[in-house]
Amino acid sequence: MAQKQRPGSSALKTGSLSDDEITQKLQLNMPLGPPPSIPGIDTQLDKYLSVDWLKKLSIHDIDKSQKFWPRSPDPDKLLRTETSPVSTTIHAIRDRMTGELLMLKEKPLLNSGVTAKNSLSLNRAPGPLTESVRGNATNYPFLPGGLEKTDEPSLPSTDTADPCDFNDLFSVPAGFDKGMTFDKLSLQGKVSMRGKTADVSTLISAWSSDESSDTDNDSVDGEQQTADKTVDDDNLDDLVPSVDYPVLQISQAIISEASRSLQSEWVEHVDISAPVRDFHTRIPDMAHKWPFELDVFQKQAILHLEQHDSVFVAAHTSAGKTVVAEYAIAMSKRHMTKTIYTSPIKALSNQKFRDFKTTFGDVGLLTGDVQINADASCVIMTTEILRSMLYNGSDVIRELEWVIFDEVHYINDEDRGVVWEETLIMLPQHVNIIMLSATVDNVFQFADWVGRTKKKKMYIISTEKRPVPLEHFLYTGNSRKSNNEMFLLVDSNSQFTTKAYYDAKKAKDERASKHSKQFGVKSTRGDPKQDKSVWLSLIDRLQTREQLPVVAFTFSRKKVDDNASMLTSVDLTTAKEKDDIRYFFQNTIQRLKGSDRRLPQVTLMRDLLFRGIGKHHSGILPILKEVLEMLFQKGLVKVLFATETFAMGVNMPARTVVFNSITKHDGTQFRELQPSEYIQMAGRAGRRGLDTTGTVIILCKGDVPELPDLHRMLMGKPTQLVSKFRLTYRMILNLLQVESIEVEDMMKRSFLESNTQKQTSALTERLHTLQTSVHIQHRSKLNCIMCDQDMDGYYKCCYQISQLRHQIMEYGIKSVNSGKVIHPGRVILLSIVSYSASLIPAMILHISRSNTLTVLALCNVGDASTLASSVTMTTAHDKYDVDPYSREIFQPRGACGWSIFEIDVGVLVRVTRRSLKAQFDKILDDHKKRQIPRFRDDPPGPSVSTTSQELLRLVEQGGDNLYSVDLVKEFHIKAIDWAEKANRLQNLQLTIQTFVCINCASFTEHFKIANQRNKIMNEISELEYKMSVESLQLHPKYQDMLKVLRELRYVDDNDTVQLKGRVACSISNRELLLTELVFNNLLTDLEPQEIAALLSCIVFTQRTNTEPELNASIKQAIDKILAVTTQIDSTQDKYKSSQASGFNKEEDDITENLNFGLAQVVYEWARGMPFAEITKLTDVQEGIIVRCIQRLDETCRDVRSAARIIGDPILQEKMEKTSSLIKRDIVFAASLYTQG
């Protein structure tokens, strides 16, 4: 046999063969074929490109081709459903002693089938990954901490045994495995765990007797014995015998300490006066370390963070509150949990993102239009974003360990303060809270509300003084010659110097006098030349004394621009600093397109910055403000003119702070600065570690401010946190979607109702006491045939007469025409039952401004002091303590006495038709004189005696003299409701004479019994009302808003949220208006540019004098929008009750709040016009235009979400296009803080 040639031996030697021929020859020589190999990239690509379906795709319309995929119909799929989750599990039952497996038992799974659509539980199944951060408007929120409710339904037991064993019902309660045999255990053997320390022998005997009784019970029934021996593997507590284990050592000191802690159950003020010497011993391995020594308040805060306590840090500006936040972030990184840092404004969020990213690295940012690293361990966001995440059930909340509320005093903001309250209420129980704030006046009250609401203790940590003390000056100079006129008003020890004020006033007056002698009297207020001279002299002084940089607060954007522009001759930077500024500015502006780099504002800002001058307000472009802030932090900006918004930001201290004025316009009027506002801005003075003191200067360009105003502003109390809680339609609809959380729960837990929360336990205890008392009262009847019939009805009639009479008298005495009826000399009748059952005649002597009447009343001789004290008792008596109705008029026994005293309108029963003339001043002077001890026994003056005799004579005559005047006629009561009350009072006075009980011989005694009983019943009703939801301050408004939602079909008659309501829940601003626009199909037929122009009316709030030029289509759409808003307004007006204090500011009069002043600008911007061109179409400043368009993008996303919910693809596509048209160039330039 010929020898086989080795594969490839000869072929490989033939160099003329190609690679394919060589491969083919090799494959033929292999008996089993070639070995498997990975195909090359060319082969894979050829195979991929050769598929038939790819050739059918259109190369011109790839998007449309991707939307339609062929699929075959499958009707059987409609008959198949997803498998239900397992609702039970198997548990092993073992012998207690040996561990032997006895049986398997089926038990229900509590969280089976629980999802974000039906449960508040943290154990529910996670939602889709795309909704993990922001959640979904249809999700349930997680159960708020402190809310004593649960959404988990009670699951039935799977045990088939009879739940009630009637054989042992006397000793074993229904549903219990074991009970108690009273005949085998002496009561003396039981030990009360609520008393003091028990004797050890007594405890042991009680324990032994209890065990023996269990043994005897077990031997009675074999099945019971088996059950007692078995234990559930998942419930180890069953291994412990069911005995009340005694606590052997409870000292009286511990009990007293516990009782003391109950006095401040939810809040504790941490003492920072003593140093923490064992800090590093208690925390040997800190989560984060700093290169400097921590202050005492920072150490105390960190100690409590390590114990997972919630803290409220109220410290002075620049004290270092951020250290507390940084440590919480470091702890969450160590624990692999999450921290959310909330800020009041978006700009502050961006700044904090840069700072924390430099420190920790793993930091995210979440705002309306930016989402960066949302899965980070620390995410920074605005408080509105966190509130939305809580309502939408974001899965991020599960991993949340800390929530840090920075600048929490922003809760005082009129429009946005409610966001902080909502967020605090909605946080789940497992989330710990850190609140950072400037010093506030009522920190204890606010922390107590948070702790009581969340059912967790809050620890208050506050600083006693600033790390860098401040010195406050008055500056009266106006030139370089007078720039030394600076007067120290408050020194670094916070001592107010009155002499400095008068020195400043004297210097100002002397210069004004000199000027008037030389040039005549001329006001310098508002003179630009004089303003420039003042600023030049001040800057020269500060530069000479090395007191730069300076922040000059001015409360007008126009004034800020003018002040910065007038300093053309000032140059404060060196050549090196100019190069640094030019390099940084040019690199930053390179991010903008060509035309945007040449904007007038950009050019002006560049020129100012080169000279070390800056300006900062809402009209400046955001990117320029960030450039300015960064240069200021580097010390390259020496003089910064800013509005008060600059004080609300990150720590940017200066050496000096100057106030251009201490008056501001708050939107309605000019007023002086509040102490809290002044402290917030002045706190920017003084750089820690660089300055020994901070300098605050108040310019006196015109007159020196008044001394009381300065003292109040400089020495007044700091910010006081006040609730701005209000109801919004979105809040109501969000909560109506969740059955387990009611809107009333949110209102009850608001800071607005904090005082009611505190009183709940006391009211409950008082209610229980009264209910017990009234139960005893009901057991005893009056045992009188006459009084048992209608005594309670008589009491109610007397009570109504008393209330109506008091209301009408109060209304009448405050009316314009009261002087014709209630005046000195008018004879009146008083009800003072504690002195006499009859009506006391009196005459008015004087009427005070507080409507208190000084009267002269008749009495028995020697009873003057008794009558006066009886009046005091009657005025201070319980409002439910009713006097029996009387028509008899008192007449003295024997000689007539009199008494002069003050009364409230509550004891005034009747205003008669008669008036007497008297010398009222002499009577009052005589009365005042006789109040002096040494004149007390002097005889009364003749005027007093004469007047009392005339009054007695009038009473004795009787008849028509003492009839009541017609209150409606005399008081000129024209209001229908008050006229009805007066008519009802007259009818009740006639009806009361028909009661049978008034004829009883023991009427007075029986009425006292009925009065006491009904008084308790009325007080019970009042307490029940106070503890009910009807007593909530916003409850009437809530009912009105519910009626509006029903009328507009957002909810049905059962308050179930409908489709319109679900759409409104997904909209963050003007939810009713936008929802109506979507459902009325007013946007679908418009072009994207026109939609953008129309929706600008929702986000633009500034005033403008420019009238926009709009096309016919937009004008027609505006008319339709106004028709919708008119319908909403009319519906709100229809259901606005008198009890409610009106609807919310942004929802009341929607038509008036719409502003189309920027519609043309937005329309042209959406059409592609450059930013430099659109600024010529309006007088609105560039920064406000940018902010409006940015907010417009958020509104477009809301409408797009609404279109997705209702299934309108056309509107959804148009809104996406609208967003893409306006998101360009300088308006949406990325923040410098997020770009590194």
# chains A, B, ... in the order shown; residues from 1 in each chain; ligands from 1

call {"tool": "select_by_dssp", "arguments": {"residues": "segment 652-839 of chain A", "states": "strand (DSSP E)", "output": "PyMOL selection string"}}
result
chain A and resi 656-659+663-665+670-672+694-699+826-831+839

call {"tool": "closest_residue", "arguments": {"among": "A:Ile1222, A:Glu401, A:Trp449, A:Gln1116", "to": "Lys758 of chain A", "atoms": "only C-alpha atoms"}}
result
A:Trp449

call {"tool": "atom_distance", "arguments": {"atom1": "atom CA of Gln949 of chain A", "atom2": "atom CA of Cys896 of chain A"}}
result
7.8 Å

call {"tool": "closest_atom_pairs", "arguments": {"of": "segment 1061-1095 of chain A", "to": "segment 732-741 of chain A", "cutoff": "8 Å", "atoms": "only C-alpha atoms", "output": "tab-separated table"}}
result
residue	atom	partner	partner_atom	distance
A:Gly1061	CA	A:Leu733	CA	6.3
A:Arg1062	CA	A:Leu733	CA	7.6
A:Ala1064	CA	A:Leu733	CA	7.7
A:Cys1065	CA	A:Asn734	CA	6.0

call {"tool": "atom_distance", "arguments": {"atom1": "atom CA of Leu673 of chain A", "atom2": "atom CA of Ala564 of chain A"}}
result
22.8 Å

call {"tool": "atom_distance", "arguments": {"atom1": "atom CA of Asn1011 of chain A", "atom2": "atom CA of Tyr795 of chain A"}}
result
6.8 Å

call {"tool": "residues_around", "arguments": {"residues": "segment 746-756 of chain A", "least_positions_apart": "6", "cutoff": "12 Å", "atoms": "only C-alpha atoms", "output": "PyMOL selection string"}}
result
chain A and resi 144-148+411-412+417-426+445-455+721-728+731-732+734-736+740+762-764+1023+1025-1038

call {"tool": "residues_around", "arguments": {"residues": "segment 902-911 of chain A", "least_positions_apart": "6", "cutoff": "8 Å", "atoms": "only C-alpha atoms", "output": "PyMOL selection string"}}
result
chain A and resi 805-806+809-810+821+826-832+851-855+871+874-875+963-965

call {"tool": "residues_around", "arguments": {"residues": "Thr693 of chain A", "least_positions_apart": "4", "cutoff": "6 Å", "atoms": "only C-alpha atoms", "output": "PyMOL selection string"}}
result
chain A and resi 468-470+686

call {"tool": "write_last_selection", "arguments": {"atoms": "N, CA and C atoms", "output": "compact mmCIF listing (two decimals), in the first residue's frame"}}
result
# COMPACT_ATOMS: atom_id res chain seq x y z
N VAL A 468 -17.25 85.21 63.00
CA VAL A 468 -16.61 86.50 62.73
C VAL A 468 -17.61 87.59 63.11
N PRO A 469 -17.40 88.30 64.20
CA PRO A 469 -18.38 89.31 64.63
C PRO A 469 -18.48 90.45 63.62
N LEU A 470 -19.60 91.16 63.67
CA LEU A 470 -19.87 92.25 62.74
C LEU A 470 -19.83 93.59 63.45
N GLY A 686 -17.48 89.45 56.49
CA GLY A 686 -16.57 88.73 57.39
C GLY A 686 -16.21 87.37 56.85

call {"tool": "select_by_dssp", "arguments": {"residues": "segment 800-908 of chain A", "states": "helix (DSSP H, G or I)", "output": "PyMOL selection string"}}
result
chain A and resi 800-813+816-820+864-875+905-907

call {"tool": "residues_around", "arguments": {"residues": "segment 1196-1213 of chain A", "least_positions_apart": "3", "cutoff": "7 Å", "atoms": "only C-alpha atoms", "output": "ChimeraX atom specification"}}
result
/A:1063,1066-1067,1084,1192-1193,1216-1217,1219
